[in-house]
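J.: File follows, query_8.cif with mmCIF, C-alpha atoms and all ligand atoms:
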```cif
data_upload
#
loop_
_atom_site.label_atom_id
_atom_site.label_comp_id
_atom_site.auth_asym_id
_atom_site.auth_seq_id
_atom_site.Cartn_x
_atom_site.Cartn_y
_atom_site.Cartn_z
CA MET T 1 -38.80 -21.29 -4.61
CA PHE T 2 -41.72 -19.55 -2.89
CA ASN T 3 -44.32 -21.60 -1.03
CA LEU T 4 -47.59 -20.27 0.26
CA ILE T 5 -50.47 -21.76 2.23
CA LEU T 6 -53.89 -20.30 1.63
CA PHE T 7 -55.67 -21.02 4.89
CA GLY T 8 -59.24 -20.57 6.07
CA PRO T 9 -62.56 -22.27 6.81
CA PRO T 10 -64.72 -23.97 4.18
CA GLY T 11 -66.30 -21.28 2.00
CA SER T 12 -63.65 -18.63 2.73
CA GLY T 13 -62.65 -18.44 -0.95
CA LYS T 14 -59.44 -20.47 -0.92
CA GLY T 15 -60.19 -22.24 -4.20
CA THR T 16 -61.19 -19.11 -6.12
CA GLN T 17 -58.28 -17.04 -4.82
CA SER T 18 -55.79 -19.87 -5.39
CA ILE T 19 -56.64 -19.80 -9.08
CA ASN T 20 -56.16 -16.00 -9.20
CA ILE T 21 -52.83 -16.27 -7.39
CA THR T 22 -51.66 -19.19 -9.56
CA ASN T 23 -52.41 -17.23 -12.74
CA THR T 24 -50.75 -14.03 -11.53
CA TYR T 25 -47.61 -15.45 -9.95
CA ASN T 26 -47.19 -18.70 -11.90
CA LEU T 27 -47.22 -20.95 -8.86
CA GLN T 28 -48.19 -24.62 -8.86
CA HIS T 29 -51.64 -25.00 -7.27
CA ILE T 30 -52.16 -28.03 -5.04
CA SER T 31 -55.69 -28.50 -3.70
CA THR T 32 -56.19 -31.66 -1.66
CA GLY T 33 -59.98 -31.29 -2.07
CA ASP T 34 -59.60 -31.30 -5.90
CA LEU T 35 -57.13 -34.21 -5.78
CA LEU T 36 -59.51 -36.21 -3.58
CA ARG T 37 -62.54 -35.42 -5.77
CA ASP T 38 -60.53 -36.61 -8.78
CA GLU T 39 -59.81 -39.92 -7.00
CA VAL T 40 -63.49 -40.22 -6.05
CA GLY T 41 -64.54 -39.55 -9.66
CA ARG T 42 -62.18 -42.25 -10.97
CA GLN T 43 -63.37 -44.64 -8.23
CA THR T 44 -59.80 -45.54 -7.26
CA PRO T 45 -59.36 -47.48 -3.96
CA LEU T 46 -58.16 -44.23 -2.35
CA GLY T 47 -61.20 -42.38 -3.73
CA VAL T 48 -63.67 -45.00 -2.52
CA GLU T 49 -62.17 -44.81 0.98
CA ALA T 50 -61.96 -40.99 1.02
CA LYS T 51 -65.57 -40.55 -0.11
CA LYS T 52 -66.84 -42.11 3.12
CA TYR T 53 -65.27 -39.26 5.08
CA MET T 54 -65.97 -36.45 2.60
CA ASP T 55 -69.69 -37.23 2.36
CA GLN T 56 -69.95 -36.88 6.13
CA GLY T 57 -68.02 -33.61 6.32
CA LEU T 58 -65.13 -35.31 8.12
CA LEU T 59 -61.44 -34.98 7.38
CA VAL T 60 -59.81 -37.79 5.41
CA PRO T 61 -57.08 -39.54 7.47
CA ASP T 62 -53.73 -37.72 7.56
CA GLU T 63 -51.63 -40.51 6.02
CA VAL T 64 -53.85 -40.62 2.90
CA VAL T 65 -53.61 -36.88 2.30
CA ILE T 66 -49.90 -36.61 3.14
CA GLY T 67 -49.05 -39.40 0.67
CA MET T 68 -51.01 -37.63 -2.05
CA ILE T 69 -49.27 -34.29 -1.43
CA SER T 70 -45.85 -35.89 -1.45
CA SER T 71 -46.29 -37.42 -4.91
CA LYS T 72 -47.87 -34.19 -6.23
CA ILE T 73 -44.87 -32.11 -5.10
CA ASP T 74 -42.53 -34.59 -6.80
CA GLU T 75 -44.42 -34.22 -10.10
CA THR T 76 -43.22 -30.63 -10.62
CA PRO T 77 -39.63 -30.37 -9.37
CA ASN T 78 -39.02 -27.14 -11.31
CA ALA T 79 -42.04 -25.21 -10.06
CA ARG T 80 -41.54 -21.54 -9.15
CA GLY T 81 -43.31 -22.48 -5.96
CA PHE T 82 -46.44 -24.09 -4.60
CA ILE T 83 -49.71 -22.75 -3.33
CA PHE T 84 -51.31 -25.19 -0.91
CA ASP T 85 -55.10 -24.90 -0.81
CA GLY T 86 -57.01 -26.87 1.82
CA PHE T 87 -53.79 -28.39 3.15
CA PRO T 88 -52.52 -28.68 5.86
CA ARG T 89 -55.74 -29.16 7.81
CA THR T 90 -54.26 -30.76 10.94
CA LYS T 91 -51.11 -30.15 12.98
CA ALA T 92 -49.79 -33.58 11.90
CA GLN T 93 -50.20 -32.53 8.24
CA ALA T 94 -48.38 -29.24 8.92
CA GLU T 95 -45.45 -31.07 10.51
CA ALA T 96 -45.33 -33.56 7.62
CA LEU T 97 -45.34 -30.71 5.09
CA ASP T 98 -42.44 -29.00 6.88
CA LYS T 99 -40.45 -32.23 6.62
CA LEU T 100 -41.28 -32.74 2.93
CA LEU T 101 -40.21 -29.19 2.08
CA GLU T 102 -37.08 -29.39 4.22
CA PHE T 103 -36.08 -32.45 2.23
CA LYS T 104 -36.32 -30.24 -0.88
CA HIS T 105 -34.25 -27.51 0.83
CA THR T 106 -37.20 -25.16 0.92
CA GLN T 107 -39.95 -24.10 3.35
CA ILE T 108 -43.33 -22.42 3.76
CA HIS T 109 -42.72 -18.69 3.44
CA VAL T 110 -46.12 -17.34 4.43
CA VAL T 111 -49.58 -18.52 5.48
CA LEU T 112 -52.39 -16.21 4.39
CA SER T 113 -55.50 -16.82 6.47
CA LEU T 114 -58.81 -15.70 4.97
CA GLU T 115 -61.09 -14.37 7.71
CA VAL T 116 -64.82 -14.58 6.96
CA PRO T 117 -67.69 -14.41 9.51
CA GLU T 118 -69.49 -17.74 9.97
CA PRO T 119 -72.98 -16.72 8.72
CA GLU T 120 -71.36 -15.51 5.49
CA LEU T 121 -69.53 -18.88 5.11
CA VAL T 122 -72.79 -20.79 5.39
CA THR T 123 -74.54 -18.54 2.86
CA ARG T 124 -71.66 -18.98 0.39
CA LEU T 125 -71.51 -22.77 0.83
CA LEU T 126 -75.25 -23.21 0.39
CA GLY T 127 -75.06 -21.05 -2.75
CA ARG T 128 -72.22 -23.21 -4.09
CA GLY T 129 -74.21 -26.35 -3.22
CA ALA T 130 -77.01 -25.17 -5.49
CA THR T 131 -74.67 -25.06 -8.52
CA SER T 132 -71.54 -27.16 -7.90
CA GLY T 133 -72.93 -30.66 -7.64
CA ARG T 134 -70.65 -31.20 -4.65
CA SER T 135 -72.24 -33.84 -2.45
CA ASP T 136 -70.89 -32.14 0.70
CA ASP T 137 -72.48 -28.71 0.17
CA ASN T 138 -75.73 -29.25 2.08
CA GLU T 139 -76.76 -27.77 5.42
CA GLU T 140 -76.09 -30.84 7.57
CA VAL T 141 -72.66 -31.62 6.10
CA ILE T 142 -71.64 -27.94 6.08
CA ALA T 143 -72.25 -27.76 9.85
CA LYS T 144 -69.98 -30.80 10.34
CA ARG T 145 -67.25 -29.37 8.12
CA ILE T 146 -67.24 -26.13 10.11
CA LYS T 147 -67.07 -28.16 13.36
CA GLU T 148 -64.09 -30.15 12.01
CA TYR T 149 -62.47 -26.86 11.05
CA HIS T 150 -62.75 -25.47 14.58
CA SER T 151 -61.54 -28.61 16.33
CA LYS T 152 -58.78 -29.87 14.00
CA THR T 153 -57.81 -27.17 11.51
CA GLU T 154 -57.85 -23.92 13.50
CA PRO T 155 -54.86 -25.10 15.63
CA VAL T 156 -52.80 -25.12 12.40
CA ALA T 157 -53.02 -21.28 12.41
CA GLY T 158 -51.41 -21.26 15.86
CA TYR T 159 -48.68 -23.60 14.63
CA TYR T 160 -47.62 -21.14 11.90
CA HIS T 161 -48.21 -18.09 14.11
CA ASN T 162 -45.53 -19.47 16.45
CA PHE T 163 -43.08 -19.41 13.51
CA GLY T 164 -44.09 -15.81 12.68
CA LYS T 165 -45.54 -16.93 9.34
CA LEU T 166 -49.28 -16.24 9.78
CA GLU T 167 -50.95 -13.22 8.16
CA ARG T 168 -54.67 -12.65 8.60
CA VAL T 169 -56.50 -11.23 5.58
CA LYS T 170 -60.06 -9.90 5.46
CA GLY T 171 -61.95 -12.32 3.20
CA ASP T 172 -65.52 -11.04 3.26
CA GLY T 173 -65.19 -8.51 0.44
CA ASN T 174 -65.71 -9.35 -3.22
CA ILE T 175 -63.28 -11.55 -5.19
CA GLU T 176 -61.30 -8.63 -6.59
CA GLU T 177 -60.97 -6.79 -3.26
CA THR T 178 -59.82 -9.93 -1.47
CA PHE T 179 -57.32 -10.75 -4.21
CA LYS T 180 -55.76 -7.25 -3.84
CA LEU T 181 -55.35 -7.78 -0.10
CA LEU T 182 -53.68 -11.17 -0.68
CA ALA T 183 -51.44 -9.82 -3.45
CA LYS T 184 -50.12 -7.09 -1.12
CA HIS T 185 -48.62 -9.82 1.05
CA ILE T 186 -47.33 -11.96 -1.83
CA ASP T 187 -45.68 -8.95 -3.49
CA LYS T 188 -43.31 -8.73 -0.52
CA TYR T 189 -41.78 -12.03 -1.68
CA LEU T 190 -42.44 -12.34 -5.39
CA GLN T 191 -43.13 -10.25 -8.49
CA PRO T 192 -46.09 -11.22 -10.74
CA ALA T 193 -44.79 -13.58 -13.44
P1 LIG C 201 -62.28 -28.87 0.17
O1 LIG C 201 -62.53 -28.97 -1.30
O2 LIG C 201 -60.92 -28.35 0.50
O3 LIG C 201 -63.38 -28.15 0.89
O4 LIG C 201 -62.30 -30.37 0.73
C1 LIG C 201 -63.44 -31.20 0.61
C2 LIG C 201 -63.32 -32.39 1.57
O5 LIG C 201 -62.16 -33.16 1.22
C3 LIG C 201 -63.11 -32.04 3.03
O6 LIG C 201 -64.35 -31.80 3.70
C4 LIG C 201 -62.42 -33.30 3.55
O7 LIG C 201 -63.32 -34.37 3.72
C5 LIG C 201 -61.51 -33.64 2.38
N1 LIG C 201 -60.19 -32.97 2.48
C6 LIG C 201 -59.68 -32.01 1.65
N2 LIG C 201 -58.46 -31.64 2.05
C7 LIG C 201 -58.18 -32.37 3.15
C8 LIG C 201 -57.06 -32.43 4.04
N3 LIG C 201 -55.98 -31.64 3.85
N4 LIG C 201 -57.11 -33.30 5.08
C9 LIG C 201 -58.19 -34.11 5.27
N5 LIG C 201 -59.27 -34.08 4.48
C10 LIG C 201 -59.28 -33.23 3.42
#
```
Please express what this file holds, its structure, as structure tokens.
T.:
Amino acid sequence: MFNLILFGPPGSGKGTQSINITNTYNLQHISTGDLLRDEVGRQTPLGVEAKKYMDQGLLVPDEVVIGMISSKIDETPNARGFIFDGFPRTKAQAEALDKLLEFKHTQIHVVLSLEVPEPELVTRLLGRGATSGRSDDNEEVIAKRIKEYHSKTEPVAGYYHNFGKLERVKGDGNIEETFKLLAKHIDKYLQPA
């Protein structure tokens, strides 16, 4: 099993690149943002609670997200591996993920961190807001999401750096260029499927 975290701030291209990586290497894609939006869309109790945080650009509480990830991992026991997109976003989530994977006799092999300058992030997110219908892609909420990223999520990079698992990847090129840079790292572990 090969497990990868695609890390980076909002708008760094995690979602787009996760789909490219999933298709090329046949990994199971787990996006907590997508899972949460699905719950919100179905108006489940979890979704109703999560929406309050998402609409404000705040992180949803750890225990909600960790529970969701745990059941998602259990759904595909025979996966070639997982690509985690938008998770973990706090140190507590990273520690919980380590425990979940250890229980399955596996681990995170590499964390690829997409590096994109902040003005470019804002431009991308506002552009997405114009077309995506996402309620959190407006100027005020974007600023809060970036603030949450700096205070709560950036320390997660340090957590994996200490284990020698963090690789920084330039993410401000076009989709194809960035995918090539990511694939160079993944190819060290795994052949395209
Ligand atoms: P994303 O689609 O990854 O940008 O996530 C959209 C929103 O969902 C975030 O702004 C958070 O409110 C929430 N969210 C997604 N993933 C997580 C996570 N791992 N921990 C806490 N909140 C999350």
J.: Skip region 44-54 of chain T itself and residues of its chain fewer than 2 positions away, then list as a list of chain:residue names all residues within 10 Å of it, counting all atoms listed in the file.
T.: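 My list of contacting residues is T:Gly33, T:Leu35, T:Leu36, T:Arg37, T:Asp38, T:Glu39, T:Val40, T:Gly41, T:Arg42, T:Gln56, T:Gly57, T:Leu58, T:Leu59, T:Val60, T:Pro61, T:Val64, T:Val65, T:Met68, T:Ser135, T:Asp136, T:Val141, T:Arg145.
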J.: Next, dump the selected residues to file, keeping only C-alpha atoms, as a PDB file, in the frame of the given file.
T.:
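Listed below is the output, again.pdb:
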```pdb
ATOM      1  CA  GLY T  33     -59.980 -31.290  -2.070  1.00  0.00           C
ATOM      2  CA  LEU T  35     -57.130 -34.210  -5.780  1.00  0.00           C
ATOM      3  CA  LEU T  36     -59.510 -36.210  -3.580  1.00  0.00           C
ATOM      4  CA  ARG T  37     -62.540 -35.420  -5.770  1.00  0.00           C
ATOM      5  CA  ASP T  38     -60.530 -36.610  -8.780  1.00  0.00           C
ATOM      6  CA  GLU T  39     -59.810 -39.920  -7.000  1.00  0.00           C
ATOM      7  CA  VAL T  40     -63.490 -40.220  -6.050  1.00  0.00           C
ATOM      8  CA  GLY T  41     -64.540 -39.550  -9.660  1.00  0.00           C
ATOM      9  CA  ARG T  42     -62.180 -42.250 -10.970  1.00  0.00           C
ATOM     10  CA  GLN T  56     -69.950 -36.880   6.130  1.00  0.00           C
ATOM     11  CA  GLY T  57     -68.020 -33.610   6.320  1.00  0.00           C
ATOM     12  CA  LEU T  58     -65.130 -35.310   8.120  1.00  0.00           C
ATOM     13  CA  LEU T  59     -61.440 -34.980   7.380  1.00  0.00           C
ATOM     14  CA  VAL T  60     -59.810 -37.790   5.410  1.00  0.00           C
ATOM     15  CA  PRO T  61     -57.080 -39.540   7.470  1.00  0.00           C
ATOM     16  CA  VAL T  64     -53.850 -40.620   2.900  1.00  0.00           C
ATOM     17  CA  VAL T  65     -53.610 -36.880   2.300  1.00  0.00           C
ATOM     18  CA  MET T  68     -51.010 -37.630  -2.050  1.00  0.00           C
ATOM     19  CA  SER T 135     -72.240 -33.840  -2.450  1.00  0.00           C
ATOM     20  CA  ASP T 136     -70.890 -32.140   0.700  1.00  0.00           C
ATOM     21  CA  VAL T 141     -72.660 -31.620   6.100  1.00  0.00           C
ATOM     22  CA  ARG T 145     -67.250 -29.370   8.120  1.00  0.00           C
TER      23      ARG T 145
END
```
J.: Nearest to ligand LIG 201 (chain C): which of T:Arg80, T:Arg128, T:His109, T:Lys184 is it, counting all atoms listed in the file?
T.: T:Arg128
J.: Using only C-alpha atoms and all ligand atoms, which of T:Asp74, T:Glu120, T:Glu63, T:Asp187 sits nearest ligand LIG 201 (chain C)?
T.: T:Glu63
J.: Counting only C-alpha atoms, what is within 12 Å of Ser70 (chain T), bar same-chain residues fewer than 2 positions away, as an MDAnalysis selection string?
T.: chainID T and resid 30 32 63:68 72:77 87 93 96:101 103:104
J.: Sorted by chain and rising residue number, which residues of region 58-93 of chain T lie within 8 Å of region 12-25 of chain T, and what are their closest atom pairs and distances in Å to one decimal, counting all atoms listed in the file, as a Markdown table?
T.:
```
| residue | atom | partner | partner_atom | distance |
| --- | --- | --- | --- | --- |
| T:Ile83 | CA | T:Ser18 | CA | 7.0 |
| T:Asp85 | CA | T:Lys14 | CA | 6.2 |
| T:Gly86 | CA | T:Lys14 | CA | 7.4 |
```
J.: Select, from T:Ile186, T:Tyr159, T:Leu112, T:Asn3, the residue with the minimum atom-to-atom distance to Gly81 (chain T), counting only C-alpha atoms.
T.: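 Ranking T:Ile186, T:Tyr159, T:Leu112, T:Asn3 by distance to Gly81 (chain T), first place goes to T:Asn3.
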J.: Give the padded box for ligand LIG 201 (chain C) as lines of an AutoDock Vina configuration file: axis-aligned, covering all atoms listed in the file, 5 Å on each side, centre and edge lengths in Å to one decimal.
T.:
```
center_x = -60.2
center_y = -31.3
center_z = 2.0
size_x = 18.4
size_y = 16.2
size_z = 16.6
```
J.: Could you check the closest approach to ligand LIG 201 (chain C) for each of T:Ile108, T:Ile142, T:Val169, T:Ala79 and tell me which residue wins, using only C-alpha atoms and all ligand atoms?
T.: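 Under the stated criterion, the closest residue is T:Ile142.
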